[in-house]
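I have placed the structure first, in the form of structure tokens, so that the comments after it can refer back to it.
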Amino acid sequence: MAAIDTGNAHTELPAQALPTWRRAVLKVGSNLLAADGGGLTPRHAEALAAFIAASQTEGREVVLVSSGAVAAGRALLRRHASAGGGLAARQALAALGQAPMVALWQSLFARPVAQVLLTHDDLRNRRRYLNARATLRELLQLGVLPVVNENDTVSVDELKLGDNDNLAAIVAALVDADLLLIASDVAALYSADPRRDPAATPILQVETLSPAVMAMAGGSTGGMGTGGMRTKLEAAGKARSAGMATALFDGRDAATVQALARGELHGTLVRAPRARMQARKYWLLHAPASNGCIQVDAGAAAALARGRASLLPGGIAAVMGEFQRGDLVDVVDGGGRRIARGLSQYAAAEVRRLRGRHSRDIEVLLGYSHGAEVIHRDDLARLPDSCMTDPA
Ligand SMILES: Nc1ncnc2c1ncn2[C@@H]1O[C@H](COP(=O)(O)OP(=O)(O)O)[C@@H](O)[C@H]1O
Ligand SMILES: N[C@@H](CCC(=O)OP(=O)(O)O)C(=O)O
């Protein structure tokens, strides 16, 4: 059992199994990085960095979503002058603090870390969403730790994501993570904010984010935090609909953080109703009508029916309709029967030029390449009747 200080109560939470994962997003809040109420300190970040490094050594991948830029900026400026309280001041503080925040993480890792700043617009615009996804995938492949934060400096009020809990959930879906880990300054979700209600009790498992559960979560009551437990549960809801569980735990407690590496959670687990891949496939199959259609030859149709195959240019016989890169398209066989749906990495006009050609010719034909596959197998779902042989 890990001894845990909730702020005003000292409790011990039993260990429960952390879902198995290969790729996770870890969100670290400002309260952990600016734990002493001033500038950034490695006090709690050290154990979290050791957990990330140990996970990487085991072949797992971690994307870090880190807050703390505003706190770092505020501490730096306090030495010279005080900043106002408006949006522009917050944006200026974030600009000041982003580099020191990333530098803090870099000081704790032997491997390089990379800064990734995202805005709401980046995540709504399909082209930029796909670019962000490709960059993050590439960074992970290179063995680099991406440190993601909201680009506060260019985010305007009404378009701000506002809190990094929700950003972390969106990033987790973006990189197809298996698990969302949220490190905060509280041991778990409690029946009420434990800072306000000493009688509040921890909730170790959440199956549904019902209105009653959501009502337990309050805002941020202390220090540098932004969204409190409310935004953490919102994030868990987003993760859940992408098929991912969320673990909430106290990042101030080194024993709790070390236990994660052993697959033990001392905190709250918000479960996901179905597996991530199933959720993704479900979304692919049930998302709004597709914009176009790709007809494949008999060889490609057989490969897709066998499962886990990507759609390559060589198997494409015809392209119907107009669609853009990243759009959802139907895949039909020679007889026009719909056999799969997926996200095309190329626009219809590009697929027409690639039709029947080898993947290695993509660069020559287009002058660039978004990858060897027209539809990557992770972005492809076979229709139920063609899934009979392999339900994965
Ligand atoms: N029901 C609840 N259970 C646990 N914590 C809660 C609850 N309601 C509100 N909180 C508050 O949420 C805070 C954590 O969120 P926040 O301050 O935004 O920190 P972070 O910087 O880690 O995002 C806790 O310190 C706690 O005061
Ligand atoms: N982007 C802001 C963090 C906003 C935020 O969500 O903070 P927190 O609630 O501490 O995770 C920053 O870097 O200061």
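In the structure tokens, chains take letters A, B, ... by order of appearance, with residues numbered from 1 within each chain and ligands from 1 in the order shown.
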Dump the neighbourhood of ligand 1 as a PyMOL selection string: all residues within 8 Å, distances computed on only C-alpha atoms and all ligand atoms.
chain A and resi 6-7+28-32+67+163-165+182-196+200+202+216-232
DSSP on the backbone: which residues in region 103-304 of chain A end up as strand (DSSP E)? Give the answer as a ChimeraX atom specification.
/A:113-118,145-150,179-184,189-190,202-203,205-206,245-250,264-265,267-270,292-296
Please dump the current selection as a CSV table (one decimal), in the first residue's frame; keep N, CA and C atoms.
```csv
chain,number,residue,atom,x,y,z
A,113,VAL,N,14.4,15.2,-25.5
A,113,VAL,CA,12.9,15.5,-25.4
A,113,VAL,C,12.6,16.5,-26.5
A,114,ALA,N,11.4,16.5,-26.9
A,114,ALA,CA,11.0,17.4,-28.0
A,114,ALA,C,9.7,18.2,-27.6
A,115,GLN,N,9.7,19.5,-27.9
A,115,GLN,CA,8.6,20.3,-27.5
A,115,GLN,C,7.5,20.3,-28.6
A,116,VAL,N,6.3,20.0,-28.2
A,116,VAL,CA,5.2,20.0,-29.2
A,116,VAL,C,4.1,20.9,-28.6
A,117,LEU,N,3.8,22.1,-29.3
A,117,LEU,CA,2.8,23.0,-28.8
A,117,LEU,C,1.6,22.9,-29.7
A,118,LEU,N,0.4,22.6,-29.2
A,118,LEU,CA,-0.8,22.4,-30.0
A,118,LEU,C,-1.8,23.4,-29.6
A,145,LEU,N,11.2,11.7,-26.3
A,145,LEU,CA,10.0,11.9,-25.5
A,145,LEU,C,9.3,13.2,-26.0
A,146,PRO,N,8.1,13.1,-26.5
A,146,PRO,CA,7.4,14.4,-26.9
A,146,PRO,C,6.8,15.0,-25.6
A,147,VAL,N,7.1,16.3,-25.4
A,147,VAL,CA,6.5,17.0,-24.3
A,147,VAL,C,5.5,18.0,-24.9
A,148,VAL,N,4.2,17.7,-24.7
A,148,VAL,CA,3.1,18.4,-25.3
A,148,VAL,C,2.6,19.4,-24.3
A,149,ASN,N,2.3,20.6,-24.8
A,149,ASN,CA,1.5,21.6,-24.0
A,149,ASN,C,0.6,22.4,-25.0
A,150,GLU,N,-0.4,23.1,-24.4
A,150,GLU,CA,-1.2,23.9,-25.3
A,150,GLU,C,-0.3,25.1,-25.6
A,179,LEU,N,-3.7,3.9,-22.9
A,179,LEU,CA,-4.0,4.3,-21.5
A,179,LEU,C,-3.7,5.8,-21.3
A,180,LEU,N,-4.5,6.5,-20.5
A,180,LEU,CA,-4.3,7.9,-20.1
A,180,LEU,C,-3.9,7.9,-18.6
A,181,LEU,N,-2.8,8.4,-18.3
A,181,LEU,CA,-2.3,8.5,-16.9
A,181,LEU,C,-2.4,10.0,-16.5
A,182,ILE,N,-3.1,10.3,-15.4
A,182,ILE,CA,-3.1,11.7,-15.0
A,182,ILE,C,-2.5,11.8,-13.6
A,183,ALA,N,-1.4,12.5,-13.5
A,183,ALA,CA,-0.7,12.7,-12.2
A,183,ALA,C,-1.1,14.1,-11.7
A,184,SER,N,-1.6,14.1,-10.5
A,184,SER,CA,-2.0,15.3,-9.9
A,184,SER,C,-1.6,15.4,-8.4
A,189,LEU,N,-10.0,10.2,-7.2
A,189,LEU,CA,-11.3,10.9,-7.2
A,189,LEU,C,-11.9,10.6,-5.9
A,190,TYR,N,-12.3,11.7,-5.2
A,190,TYR,CA,-13.0,11.5,-3.9
A,190,TYR,C,-14.5,11.8,-4.1
A,202,PRO,N,-12.4,8.0,-1.0
A,202,PRO,CA,-11.9,7.8,-2.3
A,202,PRO,C,-12.7,6.8,-3.1
A,203,ILE,N,-12.8,7.1,-4.4
A,203,ILE,CA,-13.6,6.1,-5.3
A,203,ILE,C,-12.5,5.5,-6.1
A,205,GLN,N,-12.7,2.8,-8.4
A,205,GLN,CA,-13.1,2.4,-9.7
A,205,GLN,C,-14.3,3.1,-10.2
A,206,VAL,N,-14.3,3.6,-11.4
A,206,VAL,CA,-15.5,4.2,-12.0
A,206,VAL,C,-15.8,3.5,-13.3
A,245,ALA,N,-8.8,3.4,-20.9
A,245,ALA,CA,-9.0,3.6,-19.5
A,245,ALA,C,-8.1,4.8,-19.0
A,246,THR,N,-8.5,5.5,-17.9
A,246,THR,CA,-7.8,6.6,-17.4
A,246,THR,C,-7.4,6.2,-15.9
A,247,ALA,N,-6.1,6.5,-15.6
A,247,ALA,CA,-5.7,6.3,-14.2
A,247,ALA,C,-5.4,7.6,-13.6
A,248,LEU,N,-6.0,7.9,-12.4
A,248,LEU,CA,-5.8,9.2,-11.7
A,248,LEU,C,-5.0,8.8,-10.5
A,249,PHE,N,-3.9,9.5,-10.2
A,249,PHE,CA,-3.0,9.2,-9.1
A,249,PHE,C,-2.3,10.4,-8.6
A,250,ASP,N,-1.7,10.2,-7.4
A,250,ASP,CA,-0.9,11.3,-6.8
A,250,ASP,C,0.5,11.3,-7.2
A,264,GLU,N,0.9,-1.5,-10.9
A,264,GLU,CA,0.0,-1.4,-9.8
A,264,GLU,C,-0.5,0.1,-9.7
A,265,LEU,N,-1.8,0.3,-9.6
A,265,LEU,CA,-2.3,1.6,-9.4
A,265,LEU,C,-2.8,1.8,-8.0
A,267,GLY,N,-4.9,4.6,-6.8
A,267,GLY,CA,-5.6,5.8,-7.2
A,267,GLY,C,-6.9,5.4,-7.8
A,268,THR,N,-7.4,6.2,-8.7
A,268,THR,CA,-8.8,5.8,-9.3
A,268,THR,C,-8.6,5.3,-10.8
A,269,LEU,N,-9.3,4.3,-11.1
A,269,LEU,CA,-9.3,3.8,-12.5
A,269,LEU,C,-10.6,4.0,-13.1
A,270,VAL,N,-10.7,4.8,-14.2
A,270,VAL,CA,-11.9,5.0,-14.9
A,270,VAL,C,-11.8,4.0,-16.1
A,292,GLY,N,-16.3,9.2,-50.3
A,292,GLY,CA,-15.9,8.6,-51.6
A,292,GLY,C,-15.7,7.1,-51.5
A,293,CYS,N,-15.2,6.6,-52.5
A,293,CYS,CA,-15.1,5.1,-52.6
A,293,CYS,C,-13.9,4.7,-53.3
A,294,ILE,N,-13.2,3.7,-52.8
A,294,ILE,CA,-12.1,3.1,-53.5
A,294,ILE,C,-12.4,1.6,-53.8
A,295,GLN,N,-12.3,1.3,-55.1
A,295,GLN,CA,-12.6,-0.1,-55.6
A,295,GLN,C,-11.2,-0.8,-55.6
A,296,VAL,N,-11.2,-2.0,-55.0
A,296,VAL,CA,-10.0,-2.8,-55.0
A,296,VAL,C,-10.1,-4.0,-55.9
```
Determine the nearest neighbour of Arg308 (chain A) from the options A:Glu322, A:Asp361, A:Asp253, A:Asp379, counting only C-alpha atoms.
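Among the listed residues, the smallest separation from Arg308 (chain A) belongs to A:Asp379.
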Point-to-point distance from CA of His370 (chain A) to CA of Lys238 (chain A), Å rounded to tenths
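These two atoms are separated by 27.8 Å.
For the atom pair formed by CA of Thr41 (chain A) and CA of Arg111 (chain A), the distance is 19.9 Å, given to one decimal.
Here the question is which of A:Glu61, A:Glu12, A:Asp36, A:Asp122 gets nearest to Arg137 (chain A) using only C-alpha atoms, and that residue is A:Glu61.
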Identify which of the residues A:Thr57, A:Thr153, A:Ser290, A:Asn125 lies closest to ligand 2, counting only C-alpha atoms and all ligand atoms when measuring atom-to-atom distances.
A:Thr153
Pick from A:Ala47, A:Leu18, A:Ala103, A:Val65: nearest to ligand 2, with only C-alpha atoms and all ligand atoms counted?
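Smallest distance to ligand 2 is found for A:Val65.
The nearest approach to ligand 2 among the residues A:Leu365, A:Ala92, A:Ala254, A:Ala239, with only C-alpha atoms and all ligand atoms taken into account, belongs to A:Ala92.
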For Leu328 (chain A), list every protein, DNA or RNA residue within 12 Å, evaluated using only C-alpha atoms, and leave out those in the same chain fewer than 2 positions away; present the list as an mmCIF file with C-alpha atoms, in the first residue's frame.
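selection.cif was written with the following content:
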```cif
data_model
loop_
_atom_site.group_PDB
_atom_site.id
_atom_site.type_symbol
_atom_site.label_atom_id
_atom_site.label_comp_id
_atom_site.auth_asym_id
_atom_site.auth_seq_id
_atom_site.Cartn_x
_atom_site.Cartn_y
_atom_site.Cartn_z
ATOM 1 C CA ARG A 126 -7.936 17.689 -40.353
ATOM 2 C CA TRP A 283 -16.070 4.606 -34.872
ATOM 3 C CA LEU A 284 -14.771 3.866 -38.371
ATOM 4 C CA LEU A 285 -17.767 1.693 -39.128
ATOM 5 C CA HIS A 286 -20.377 4.041 -37.660
ATOM 6 C CA ALA A 287 -18.979 7.493 -38.406
ATOM 7 C CA PRO A 288 -21.034 9.748 -40.738
ATOM 8 C CA ALA A 289 -21.252 8.838 -44.421
ATOM 9 C CA SER A 290 -17.993 8.632 -46.282
ATOM 10 C CA ASN A 291 -16.959 11.070 -48.982
ATOM 11 C CA GLY A 292 -15.869 8.619 -51.609
ATOM 12 C CA CYS A 293 -15.141 5.120 -52.571
ATOM 13 C CA ILE A 294 -12.073 3.089 -53.491
ATOM 14 C CA GLY A 321 -16.126 10.578 -55.736
ATOM 15 C CA GLU A 322 -13.978 13.302 -54.298
ATOM 16 C CA PHE A 323 -12.319 13.154 -50.883
ATOM 17 C CA GLN A 324 -9.461 14.854 -49.113
ATOM 18 C CA ARG A 325 -6.508 13.414 -47.252
ATOM 19 C CA GLY A 326 -7.766 12.047 -43.924
ATOM 20 C CA ASP A 330 -15.656 3.133 -48.363
ATOM 21 C CA VAL A 331 -13.648 0.265 -49.839
ATOM 22 C CA ALA A 340 -14.300 -2.063 -45.464
ATOM 23 C CA ARG A 341 -14.045 1.577 -44.445
ATOM 24 C CA GLY A 342 -11.001 3.599 -43.596
ATOM 25 C CA LEU A 343 -9.190 6.921 -43.475
ATOM 26 C CA SER A 344 -7.384 7.657 -46.696
ATOM 27 C CA GLN A 345 -3.879 9.068 -46.373
ATOM 28 C CA TYR A 346 -4.233 10.582 -49.845
ATOM 29 C CA ALA A 347 -6.865 12.747 -51.584
ATOM 30 C CA ALA A 348 -8.992 11.196 -54.368
ATOM 31 C CA VAL A 374 -3.309 4.539 -49.022
ATOM 32 C CA ILE A 375 -5.188 3.318 -45.945
ATOM 33 C CA ASP A 379 -7.231 3.240 -39.821
ATOM 34 C CA LEU A 380 -9.152 0.457 -41.557
ATOM 35 C CA ALA A 381 -12.183 -1.497 -40.368
#
```
Within 12 Å of Ser107 (chain A), counting only C-alpha atoms, which residues show up once you throw out same-chain ones fewer than 2 positions away? Write them as a list in words, please.
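Listed by chain and then number, they are Thr41, Pro42, Ala45, Glu46, Ala49, Ala50, Pro100, Met101, Val102, Ala103, Leu104, Trp105, Phe109, Ala110, Arg111, Pro112 and Val113 of chain A.
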Which residues in region 182-378 of chain A does DSSP call helix (DSSP H, G or I)? List them as number ranges by chain.
A: 211-216, 228-241, 254-261, 276-286, 298-306, 313-315, 348-354, 359-366, 377-378
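CA of Ala242 (chain A) is found 10.0 Å from CA of Lys281 (chain A).
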Looking at A:Val257, A:Ala95, A:Leu108, A:Ala69, which one is nearest to Phe51 (chain A), with distances taken over only C-alpha atoms?
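For Phe51 (chain A), the nearest of the given residues is A:Val257.
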Excluding Glu373 (chain A) and residues on its chain fewer than 2 positions from it, collect all residues at most 6 Å away from it, counting only C-alpha atoms, and give them as a list in words.
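So, after excluding close chain neighbours, the residues are Leu311, Leu312, Gly371, Ile375 and His376 of chain A.
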